[in-house]
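The next block is start_8.cif, given as mmCIF, C-alpha atoms and all ligand atoms.
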```
data_target
loop_
_atom_site.label_atom_id
_atom_site.label_comp_id
_atom_site.auth_asym_id
_atom_site.auth_seq_id
_atom_site.Cartn_x
_atom_site.Cartn_y
_atom_site.Cartn_z
CA MET T 265 16.65 11.41 24.40
CA ASP T 266 19.18 12.76 21.97
CA SER T 267 17.41 12.76 18.59
CA SER T 268 20.68 11.78 16.89
CA LEU T 269 20.38 8.36 18.53
CA ASN T 270 18.11 6.97 15.86
CA GLN T 271 20.12 8.22 12.90
CA HIS T 272 21.37 5.00 11.41
CA PRO T 273 24.49 5.48 9.25
CA LYS T 274 22.46 4.33 6.23
CA HIS T 275 20.25 7.38 6.72
CA SER T 276 22.79 9.93 7.90
CA GLU T 277 22.91 11.53 4.43
CA ARG T 278 19.15 11.68 4.22
CA ARG T 279 17.06 14.64 5.11
CA PRO T 280 14.81 14.44 8.16
CA ILE T 281 11.20 15.16 7.32
CA LEU T 282 9.75 14.64 10.79
CA GLU T 283 11.37 14.86 14.21
CA VAL T 284 9.13 13.69 17.03
CA ARG T 285 10.45 14.81 20.40
CA GLU T 286 9.17 13.65 23.77
CA LEU T 287 5.63 13.47 22.43
CA ARG T 288 2.91 12.81 24.98
CA LYS T 289 -0.81 12.19 24.75
CA HIS T 290 -2.67 11.65 27.99
CA PHE T 291 -6.37 10.92 28.25
CA ALA T 292 -8.47 11.83 31.31
CA GLY T 293 -5.30 13.20 32.92
CA THR T 294 -3.88 9.81 33.89
CA VAL T 295 -3.96 7.46 30.89
CA ARG T 296 -0.57 7.86 29.26
CA ALA T 297 -1.42 6.55 25.81
CA VAL T 298 1.76 8.12 24.41
CA ASP T 299 4.38 8.75 27.05
CA GLY T 300 7.47 10.63 25.86
CA VAL T 301 8.16 9.25 22.39
CA SER T 302 11.09 10.51 20.27
CA PHE T 303 12.19 9.45 16.80
CA THR T 304 13.22 10.89 13.45
CA VAL T 305 11.70 9.96 10.10
CA PHE T 306 13.75 10.57 6.96
CA GLU T 307 12.37 11.73 3.65
CA GLY T 308 11.27 8.85 1.41
CA GLU T 309 11.53 6.07 4.00
CA THR T 310 8.92 3.83 5.57
CA PHE T 311 9.10 4.01 9.34
CA GLY T 312 7.18 1.27 11.14
CA LEU T 313 5.45 1.48 14.53
CA VAL T 314 4.57 -1.91 15.97
CA GLY T 315 3.13 -3.34 19.16
CA GLU T 316 0.02 -5.02 20.52
CA SER T 317 -3.39 -3.34 20.32
CA GLY T 318 -3.54 -0.62 22.95
CA CYS T 319 0.22 0.08 23.01
CA GLY T 320 -0.35 3.66 21.81
CA LYS T 321 0.80 3.36 18.20
CA THR T 322 -2.50 4.49 16.66
CA THR T 323 -2.82 7.40 19.11
CA LEU T 324 0.74 8.41 18.21
CA GLY T 325 -0.08 8.29 14.49
CA ARG T 326 -3.19 10.39 15.00
CA CYS T 327 -1.23 12.99 16.98
CA ILE T 328 1.30 13.25 14.16
CA ALA T 329 -1.49 13.74 11.59
CA ARG T 330 -2.99 16.21 14.12
CA ALA T 331 -6.25 14.29 14.16
CA LEU T 332 -5.62 14.41 17.93
CA ASP T 333 -4.02 17.22 19.92
CA PRO T 334 -0.90 16.06 21.75
CA THR T 335 -0.60 16.79 25.48
CA GLY T 336 3.05 17.79 25.15
CA GLY T 337 6.25 17.44 23.17
CA GLU T 338 7.12 18.45 19.62
CA ILE T 339 6.40 17.25 16.08
CA VAL T 340 8.97 19.13 14.03
CA TYR T 341 8.10 19.05 10.34
CA HIS T 342 10.61 20.02 7.65
CA PRO T 343 8.74 21.50 4.64
CA ALA T 344 9.92 20.73 1.11
CA ASP T 345 10.50 24.37 0.24
CA ASP T 346 12.70 26.96 1.94
CA ARG T 347 10.35 27.46 4.85
CA PRO T 348 12.02 26.73 8.21
CA PRO T 349 11.10 23.61 10.22
CA VAL T 350 7.90 24.05 12.19
CA ASP T 351 6.55 22.37 15.32
CA LEU T 352 3.14 21.05 14.23
CA ALA T 353 2.23 20.25 17.86
CA SER T 354 2.26 23.92 18.82
CA LEU T 355 0.21 25.31 15.93
CA SER T 356 -3.40 26.45 16.17
CA ALA T 357 -5.94 25.00 13.73
CA ARG T 358 -5.58 28.07 11.52
CA GLN T 359 -1.78 28.03 11.57
CA LEU T 360 -1.85 24.32 10.84
CA ARG T 361 -3.87 24.65 7.63
CA PRO T 362 -0.97 25.12 5.16
CA PHE T 363 0.80 22.07 6.61
CA ARG T 364 -2.26 19.81 6.94
CA LEU T 365 -2.14 19.05 3.24
CA ASP T 366 1.35 17.60 3.63
CA VAL T 367 0.38 14.93 6.19
CA GLN T 368 -2.53 12.60 5.40
CA MET T 369 -3.85 9.31 6.82
CA ILE T 370 -4.94 5.93 5.47
CA PHE T 371 -7.22 4.11 7.89
CA GLN T 372 -7.54 0.47 8.87
CA ASP T 373 -11.14 -0.11 7.95
CA PRO T 374 -12.05 1.14 4.47
CA VAL T 375 -15.74 0.41 5.12
CA SER T 376 -16.19 2.70 8.10
CA SER T 377 -13.67 5.32 6.96
CA LEU T 378 -15.49 5.97 3.67
CA ASN T 379 -18.88 7.68 3.58
CA GLN T 380 -21.03 5.03 1.91
CA ARG T 381 -23.51 7.65 0.64
CA MET T 382 -20.87 9.52 -1.35
CA THR T 383 -19.68 8.61 -4.84
CA LEU T 384 -16.00 8.03 -5.51
CA LEU T 385 -15.90 11.45 -7.17
CA ASP T 386 -17.08 13.09 -3.95
CA ILE T 387 -14.96 10.94 -1.65
CA VAL T 388 -11.71 11.56 -3.48
CA GLY T 389 -12.56 15.09 -4.68
CA GLU T 390 -13.95 16.50 -1.41
CA PRO T 391 -10.53 17.28 0.15
CA MET T 392 -9.58 19.21 -3.01
CA VAL T 393 -12.75 21.31 -2.84
CA VAL T 394 -12.55 21.91 0.92
CA ASN T 395 -8.91 22.98 0.66
CA ARG T 396 -9.52 24.99 -2.54
CA VAL T 397 -7.00 22.93 -4.48
CA ALA T 398 -9.28 22.12 -7.44
CA ARG T 399 -12.96 22.13 -8.42
CA GLY T 400 -15.21 21.45 -11.40
CA LYS T 401 -13.59 19.80 -14.40
CA GLU T 402 -10.07 20.06 -13.00
CA MET T 403 -11.17 18.23 -9.87
CA ARG T 404 -12.91 15.52 -11.97
CA ASP T 405 -9.78 15.06 -14.07
CA ARG T 406 -7.62 14.78 -10.97
CA VAL T 407 -9.98 12.27 -9.35
CA GLY T 408 -9.97 10.17 -12.54
CA ALA T 409 -6.18 10.20 -12.67
CA LEU T 410 -5.93 9.26 -8.99
CA LEU T 411 -8.36 6.35 -9.39
CA GLU T 412 -6.26 5.04 -12.27
CA LYS T 413 -3.10 5.50 -10.23
CA VAL T 414 -4.43 3.28 -7.44
CA GLY T 415 -5.55 0.56 -9.84
CA LEU T 416 -9.22 1.54 -10.25
CA ARG T 417 -10.93 2.96 -13.32
CA ALA T 418 -11.79 6.61 -13.90
CA GLU T 419 -15.23 5.73 -15.26
CA HIS T 420 -16.12 4.26 -11.83
CA MET T 421 -16.13 7.67 -10.16
CA SER T 422 -19.93 7.89 -10.17
CA ARG T 423 -20.26 4.63 -8.20
CA TYR T 424 -20.60 4.18 -4.46
CA PRO T 425 -18.16 2.30 -2.18
CA HIS T 426 -20.52 -0.67 -1.63
CA ALA T 427 -20.02 -1.66 -5.29
CA PHE T 428 -16.39 -2.47 -4.56
CA SER T 429 -14.50 -5.26 -2.78
CA GLY T 430 -12.55 -4.71 0.46
CA GLY T 431 -9.26 -4.35 -1.38
CA GLN T 432 -10.77 -1.92 -3.87
CA ARG T 433 -12.27 0.14 -1.05
CA GLN T 434 -8.85 0.45 0.51
CA ARG T 435 -7.60 1.67 -2.87
CA ILE T 436 -10.34 4.35 -2.72
CA GLY T 437 -9.09 5.32 0.76
CA ILE T 438 -5.56 5.58 -0.61
CA ALA T 439 -6.75 7.76 -3.52
CA ARG T 440 -8.49 10.07 -1.04
CA ALA T 441 -5.35 10.29 1.11
CA LEU T 442 -3.32 11.22 -1.98
CA SER T 443 -5.80 13.78 -3.27
CA LEU T 444 -3.92 16.67 -1.66
CA SER T 445 -0.48 15.49 -2.82
CA PRO T 446 0.86 14.85 0.68
CA ARG T 447 4.52 14.26 1.49
CA ILE T 448 3.88 12.08 4.55
CA VAL T 449 1.18 9.42 4.80
CA VAL T 450 0.32 7.89 8.17
CA CYS T 451 -0.84 4.36 7.31
CA ASP T 452 -2.83 3.00 10.27
CA GLU T 453 -3.03 -0.79 9.87
CA PRO T 454 -3.95 -0.33 6.18
CA VAL T 455 -4.15 -4.04 5.33
CA SER T 456 -5.15 -5.72 8.59
CA ALA T 457 -8.89 -5.69 7.73
CA LEU T 458 -8.25 -7.25 4.30
CA ASP T 459 -8.12 -10.87 3.21
CA VAL T 460 -4.60 -12.24 3.23
CA SER T 461 -4.89 -12.79 -0.53
CA VAL T 462 -5.29 -9.06 -1.22
CA GLN T 463 -2.92 -7.74 1.46
CA ALA T 464 0.15 -8.18 -0.75
CA GLN T 465 -1.54 -6.34 -3.65
CA VAL T 466 -2.28 -3.30 -1.48
CA LEU T 467 1.22 -3.38 0.04
CA ASN T 468 2.73 -3.50 -3.44
CA LEU T 469 0.55 -0.57 -4.48
CA LEU T 470 1.77 1.44 -1.47
CA GLN T 471 5.36 0.62 -2.40
CA ASP T 472 4.84 1.61 -6.04
CA LEU T 473 3.18 4.89 -5.06
CA GLN T 474 6.03 5.65 -2.69
CA GLY T 475 8.58 5.22 -5.47
CA GLU T 476 6.53 7.22 -7.97
CA LEU T 477 5.50 10.08 -5.71
CA GLY T 478 8.45 10.20 -3.29
CA LEU T 479 6.18 9.62 -0.30
CA THR T 480 7.30 9.09 3.27
CA TYR T 481 5.26 6.54 5.24
CA LEU T 482 4.67 6.20 8.93
CA PHE T 483 3.40 2.63 8.92
CA ILE T 484 1.44 1.42 11.96
CA ALA T 485 0.91 -2.33 12.28
CA HIS T 486 0.67 -5.23 14.68
CA ASP T 487 1.56 -7.70 11.94
CA LEU T 488 5.32 -8.11 12.00
CA GLY T 489 5.40 -9.93 8.67
CA VAL T 490 3.92 -6.85 6.97
CA VAL T 491 6.38 -4.59 8.77
CA GLU T 492 9.39 -6.67 7.75
CA TYR T 493 8.17 -6.61 4.16
CA LEU T 494 7.62 -2.86 3.90
CA CYS T 495 9.57 -0.86 6.49
CA ASP T 496 13.10 0.55 6.41
CA ARG T 497 13.23 1.14 10.15
CA VAL T 498 10.98 0.06 12.98
CA ALA T 499 10.08 1.29 16.47
CA VAL T 500 8.48 -1.20 18.87
CA MET T 501 6.03 0.35 21.34
CA TYR T 502 4.93 -0.88 24.74
CA VAL T 503 2.54 1.04 27.03
CA GLY T 504 3.00 4.35 25.24
CA GLN T 505 6.79 4.19 25.00
CA ILE T 506 9.32 3.07 22.44
CA VAL T 507 11.18 0.05 23.82
CA GLU T 508 13.32 -0.72 20.76
CA MET T 509 14.20 1.01 17.49
CA ALA T 510 16.49 -0.09 14.66
CA ASP T 511 16.63 -0.66 10.93
CA THR T 512 14.33 -3.51 9.96
CA GLU T 513 16.98 -6.09 9.13
CA THR T 514 18.82 -5.54 12.40
CA LEU T 515 15.64 -5.62 14.46
CA PHE T 516 14.43 -8.87 12.90
CA ASN T 517 17.81 -10.61 12.95
CA ALA T 518 19.08 -9.44 16.31
CA PRO T 519 16.43 -7.94 18.59
CA LEU T 520 17.67 -6.53 21.88
CA HIS T 521 14.40 -6.21 23.81
CA PRO T 522 12.58 -9.22 25.29
CA TYR T 523 9.22 -7.79 24.19
CA THR T 524 10.40 -7.65 20.58
CA GLU T 525 11.63 -11.22 20.87
CA ALA T 526 8.25 -12.34 22.18
CA LEU T 527 6.36 -10.57 19.37
CA MET T 528 8.63 -12.18 16.81
CA SER T 529 8.24 -15.60 18.29
CA ALA T 530 4.60 -15.51 17.16
CA VAL T 531 5.58 -14.93 13.51
CA PRO T 532 5.52 -18.14 11.44
CA GLU T 533 8.89 -19.42 10.22
CA ALA T 534 9.56 -18.81 6.53
CA ASP T 535 11.46 -22.12 6.56
CA PRO T 536 9.37 -24.78 8.36
CA ARG T 537 12.53 -26.83 9.06
CA ALA T 538 14.07 -23.97 11.02
CA SER T 539 13.84 -24.48 14.75
CA ARG T 540 13.07 -21.57 16.98
CA GLU T 541 12.11 -21.79 20.58
CA PRO T 542 8.63 -20.29 21.03
CA VAL T 543 8.41 -17.46 23.56
CA ILE T 544 5.04 -17.36 25.25
CA LEU T 545 3.96 -13.80 25.95
CA GLU T 546 1.95 -14.24 29.11
CA GLY T 547 -0.36 -11.73 30.77
CA GLU T 548 -2.05 -8.64 29.45
CA LEU T 549 -0.62 -5.43 28.11
CA ALA T 550 -0.04 -3.19 31.15
CA ASN T 551 -2.62 -0.55 32.03
CA ALA T 552 -1.45 2.81 30.67
CA ALA T 553 -3.23 4.56 33.58
CA ASN T 554 -1.24 2.61 36.14
CA PRO T 555 1.78 0.94 34.56
CA PRO T 556 4.02 -1.34 36.65
CA ALA T 557 6.94 0.28 38.50
CA GLY T 558 10.42 -0.05 37.05
CA CYS T 559 10.38 -1.58 33.58
CA HIS T 560 6.73 -1.56 32.44
CA PHE T 561 7.30 -4.93 30.78
CA HIS T 562 8.69 -6.67 33.88
CA PRO T 563 5.56 -8.67 34.92
CA ARG T 564 5.61 -10.39 31.51
CA CYS T 565 9.36 -10.66 31.03
CA ARG T 566 11.07 -14.01 31.45
CA TYR T 567 14.42 -12.28 31.95
CA CYS T 568 13.24 -10.02 34.80
CA ILE T 569 15.67 -9.49 37.69
CA ASP T 570 15.36 -7.36 40.84
CA VAL T 571 16.51 -4.08 39.30
CA CYS T 572 13.79 -4.36 36.62
CA ARG T 573 11.06 -4.09 39.28
CA THR T 574 12.30 -0.81 40.69
CA GLU T 575 14.37 1.11 38.15
CA VAL T 576 12.91 2.54 34.95
CA PRO T 577 15.20 1.70 32.00
CA GLU T 578 16.04 4.61 29.68
CA LEU T 579 15.88 4.32 25.91
CA ARG T 580 19.55 4.30 24.93
CA GLU T 581 21.66 3.49 21.91
CA ALA T 582 23.10 0.07 22.74
CA ARG T 583 24.61 -0.34 19.27
CA SER T 584 25.04 2.07 16.40
CA GLY T 585 21.56 3.01 15.17
CA HIS T 586 19.93 0.51 17.53
CA SER T 587 18.17 1.90 20.60
CA VAL T 588 16.65 -0.18 23.40
CA ARG T 589 14.94 0.31 26.75
CA CYS T 590 16.17 -2.66 28.81
CA HIS T 591 18.63 -3.02 31.70
CA ARG T 592 19.95 -6.30 30.33
CA ALA T 593 20.25 -5.56 26.60
CA GLU T 594 24.00 -6.24 26.46
CA GLU T 595 23.95 -9.59 28.23
CA LEU T 596 20.86 -11.26 26.75
CA GLN T 597 21.10 -13.42 23.64
CA LEU T 598 17.67 -13.05 22.05
CA GLN T 599 16.19 -14.87 19.09
CA GLY T 600 15.42 -13.04 15.87
CA VAL T 601 13.21 -14.07 13.02
CA ALA T 602 14.75 -13.55 9.60
CA GLY T 603 12.42 -14.19 6.69
CA ALA T 604 9.03 -13.78 8.39
CA SER T 605 6.02 -14.37 6.15
CA VAL T 606 3.77 -11.46 5.17
CA SER T 607 0.73 -12.97 6.85
CA GLY T 608 2.39 -13.52 10.27
CA GLU T 609 0.18 -12.10 12.99
CA THR T 610 1.27 -11.12 16.46
CA GLU T 611 -2.19 -11.30 18.01
FE1 LIG T 701 12.91 -7.61 30.94
FE2 LIG T 701 14.29 -6.30 32.78
FE3 LIG T 701 14.73 -5.82 30.24
FE4 LIG T 701 12.46 -5.03 31.35
S1 LIG T 701 14.49 -4.29 31.84
S2 LIG T 701 12.68 -6.02 29.40
S3 LIG T 701 12.07 -6.70 32.77
S4 LIG T 701 15.10 -7.73 31.32
#
```
Kindly transcribe the structure held in the file into structure tokens.
Amino acid sequence: MDSSLNQHPKHSERRPILEVRELRKHFAGTVRAVDGVSFTVFEGETFGLVGESGCGKTTLGRCIARALDPTGGEIVYHPADDRPPVDLASLSARQLRPFRLDVQMIFQDPVSSLNQRMTLLDIVGEPMVVNRVARGKEMRDRVGALLEKVGLRAEHMSRYPHAFSGGQRQRIGIARALSLSPRIVVCDEPVSALDVSVQAQVLNLLQDLQGELGLTYLFIAHDLGVVEYLCDRVAVMYVGQIVEMADTETLFNAPLHPYTEALMSAVPEADPRASREPVILEGELANAANPPAGCHFHPRCRYCIDVCRTEVPELREARSGHSVRCHRAEELQLQGVAGASVSGETE
């Protein structure tokens, strides 16, 4: 796909920071967890990846952070300085080291992602020591400042994670991710393990940090309410592929793909008097090792016609800045969901 397809006019002046081109990640040779994904992320934006569990969004995020090695394709990173763009996917572990600092991850479950036997000082300071960024008093000072920045207190650095609530533990995870001053943070379902009451606080913190530090987020979520709240642009994934991509307002007001419409139908109405016809998403997510012929979504699609069963739809720009993978995108009148609530779940 032409990478210019996803350059919405709003972002045409902005500088790309990441260009993902035809990225693939296959497991055991046949499971196409990520199957030819292309998109561009602009500096300072929040780019959302959504879809049901198992659609490949987490695998994609891990490939971009190089926690997993992609099977093929490119992850072109544009450094902040005068260095030329570099394909992270093609670098060896040693070559990757200077760029690893720039891309960090926040994980879904702060309990399992933090070593419970380490103090906050060690958890947040370890990446600085390992990467020879800071040690000793300088490291302590930096850890203290980071803890304050994420809404914790510097004097708590000698405590262990179990002394903190779920929301506070996620703040510790965020402080660790920021310890190397990254430019891009891959946020993998960062609030889905938290109580609804603290989700908004953590989302607000992420937004504040983005403004203060100029961060770019790749935000992975199955909760469309969270995505609508936080993301500038969104890509919807199904069986390892992007099926729709647009700026958030357009996607939520006027989706073009039946899968997006079905996901949105599960989001509670902001206005309870508004009437929206529910779309029941029947059947299971297709098997990535043996996806259906034609459009992978066709067994679950209520708009399926003969051509959908045999011909694979390409991802194409149906409207300016709005790409979709559906044979019938121009003729269908799909329902959007403006004003979704933050706690709306798709699963
Ligand atoms: Fe549905 Fe056909 Fe579009 Fe696939 S191509 S989403 S089956 S209408």
With all atoms listed in the file as the counted atoms, please give the residues lying no more than 10 Å from T:Ser429, apart from itself and same-chain residues fewer than 5 positions off, as a list in words.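 The neighbour list is Pro374, Val375, Gln434, Arg435 and Leu458 of chain T.
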From the set T:Met528, T:Leu332, T:Leu549, T:Cys565, which residue has the shortest atom-to-atom contact distance to ligand LIG 701 (chain T), counting only C-alpha atoms and all ligand atoms? T:Cys565
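Note that atom CA of T:Gly431 and atom CA of T:Thr512 are 26.2 Å apart.
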Residues within 6 Å of stretch 473-481 of chain T, please, as a ChimeraX atom specification. Count all atoms listed in the file; anything in the same chain fewer than 4 positions from it doesn't count. /T:307-310,447-450
Name the residues in contact with stretch 315-325 of chain T at a cut-off of 8 Å, using all atoms listed in the file, excluding same-chain residues fewer than 2 positions from it; report them as a list in words. Lys289, Ala297, Val298, Leu313, Cys327, Ile328, Ala329, Leu332, Val450, Asp452, Leu482, Ile484, Ala485, His486, Val500, Met501, Tyr502, Val503, Gly504, Gln505, Leu527, Leu549, Thr610 and Glu611 of chain T
Using all atoms listed in the file, can you list as a list in words the residues within 6 Å of (-4.2, 7.3, -5.4)? Leu410, Leu411, Lys413, Val414, Ile438, Ala439 and Leu442 of chain T
If you count only C-alpha atoms and all ligand atoms, which residues end up within 9 Å of ligand LIG 701 (chain T), as an mmCIF file with C-alpha atoms, keeping the file's coordinate frame?
```cif
data_model
loop_
_atom_site.group_PDB
_atom_site.id
_atom_site.type_symbol
_atom_site.label_atom_id
_atom_site.label_comp_id
_atom_site.auth_asym_id
_atom_site.auth_seq_id
_atom_site.Cartn_x
_atom_site.Cartn_y
_atom_site.Cartn_z
ATOM 1 C CA VAL T 507 11.180 0.050 23.820
ATOM 2 C CA LEU T 520 17.670 -6.530 21.880
ATOM 3 C CA HIS T 521 14.400 -6.210 23.810
ATOM 4 C CA PRO T 522 12.580 -9.220 25.290
ATOM 5 C CA TYR T 523 9.220 -7.790 24.190
ATOM 6 C CA GLY T 558 10.420 -0.050 37.050
ATOM 7 C CA CYS T 559 10.380 -1.580 33.580
ATOM 8 C CA HIS T 560 6.730 -1.560 32.440
ATOM 9 C CA PHE T 561 7.300 -4.930 30.780
ATOM 10 C CA HIS T 562 8.690 -6.670 33.880
ATOM 11 C CA PRO T 563 5.560 -8.670 34.920
ATOM 12 C CA ARG T 564 5.610 -10.390 31.510
ATOM 13 C CA CYS T 565 9.360 -10.660 31.030
ATOM 14 C CA ARG T 566 11.070 -14.010 31.450
ATOM 15 C CA TYR T 567 14.420 -12.280 31.950
ATOM 16 C CA CYS T 568 13.240 -10.020 34.800
ATOM 17 C CA ILE T 569 15.670 -9.490 37.690
ATOM 18 C CA ASP T 570 15.360 -7.360 40.840
ATOM 19 C CA VAL T 571 16.510 -4.080 39.300
ATOM 20 C CA CYS T 572 13.790 -4.360 36.620
ATOM 21 C CA ARG T 573 11.060 -4.090 39.280
ATOM 22 C CA GLU T 575 14.370 1.110 38.150
ATOM 23 C CA VAL T 576 12.910 2.540 34.950
ATOM 24 C CA PRO T 577 15.200 1.700 32.000
ATOM 25 C CA ARG T 589 14.940 0.310 26.750
ATOM 26 C CA CYS T 590 16.170 -2.660 28.810
ATOM 27 C CA HIS T 591 18.630 -3.020 31.700
ATOM 28 C CA ARG T 592 19.950 -6.300 30.330
ATOM 29 C CA ALA T 593 20.250 -5.560 26.600
ATOM 30 C CA LEU T 596 20.860 -11.260 26.750
#
```
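With distances restricted to only C-alpha atoms, T:Pro446 is the closest residue to T:Ala344 from T:Arg296, T:Pro446, T:Pro555, T:His420.
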Given only C-alpha atoms as the counted atoms, nearest of T:Gly312, T:His290, T:Val284, T:Arg396 to T:Leu352: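 Under the stated criterion, the closest residue is T:Val284.
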Point-to-point distance from atom CA of T:Leu494 to atom CA of T:Ser461, Å rounded to tenths: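 Computing it gives 16.6 Å between the two atoms.
Between T:Asp511 and the candidates T:Cys495, T:Leu598, T:Val350, T:Asp373, the tightest atom-to-atom separation, counting only C-alpha atoms, involves T:Cys495.
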Which distance in Å separates atom CA of T:Leu545 and atom CA of T:Ala530, to one decimal?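 Pair atom CA of T:Leu545 / atom CA of T:Ala530 returns 9.0 Å.
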For T:Val462, list every protein, DNA or RNA residue within 12 Å, evaluated using all atoms listed in the file, and leave out those in the same chain fewer than 5 positions away; present the list as a ChimeraX atom specification. /T:429-435,454-457,467-469,606-607
Quick one: contact table of stretch 572-595 of chain T to stretch 514-517 of chain T, 12 Å max, nearest atom pair and distance in Å to one decimal per residue, counting only C-alpha atoms, chain and number order, as CSV?
```
residue,atom,partner,partner_atom,distance
T:Arg583,CA,T:Thr514,CA,10.4
T:Ser584,CA,T:Thr514,CA,10.6
T:Gly585,CA,T:Thr514,CA,9.4
T:His586,CA,T:Thr514,CA,8.0
T:Ser587,CA,T:Leu515,CA,10.0
T:Val588,CA,T:Leu515,CA,10.5
```
List every protein, DNA or RNA residue that has at least one atom no more than 7 Å from (-15.0, 9.1, -12.7) in the file's coordinates, counting all atoms listed in the file, and write the result as a ChimeraX atom specification. /T:385,404,407-408,418-422
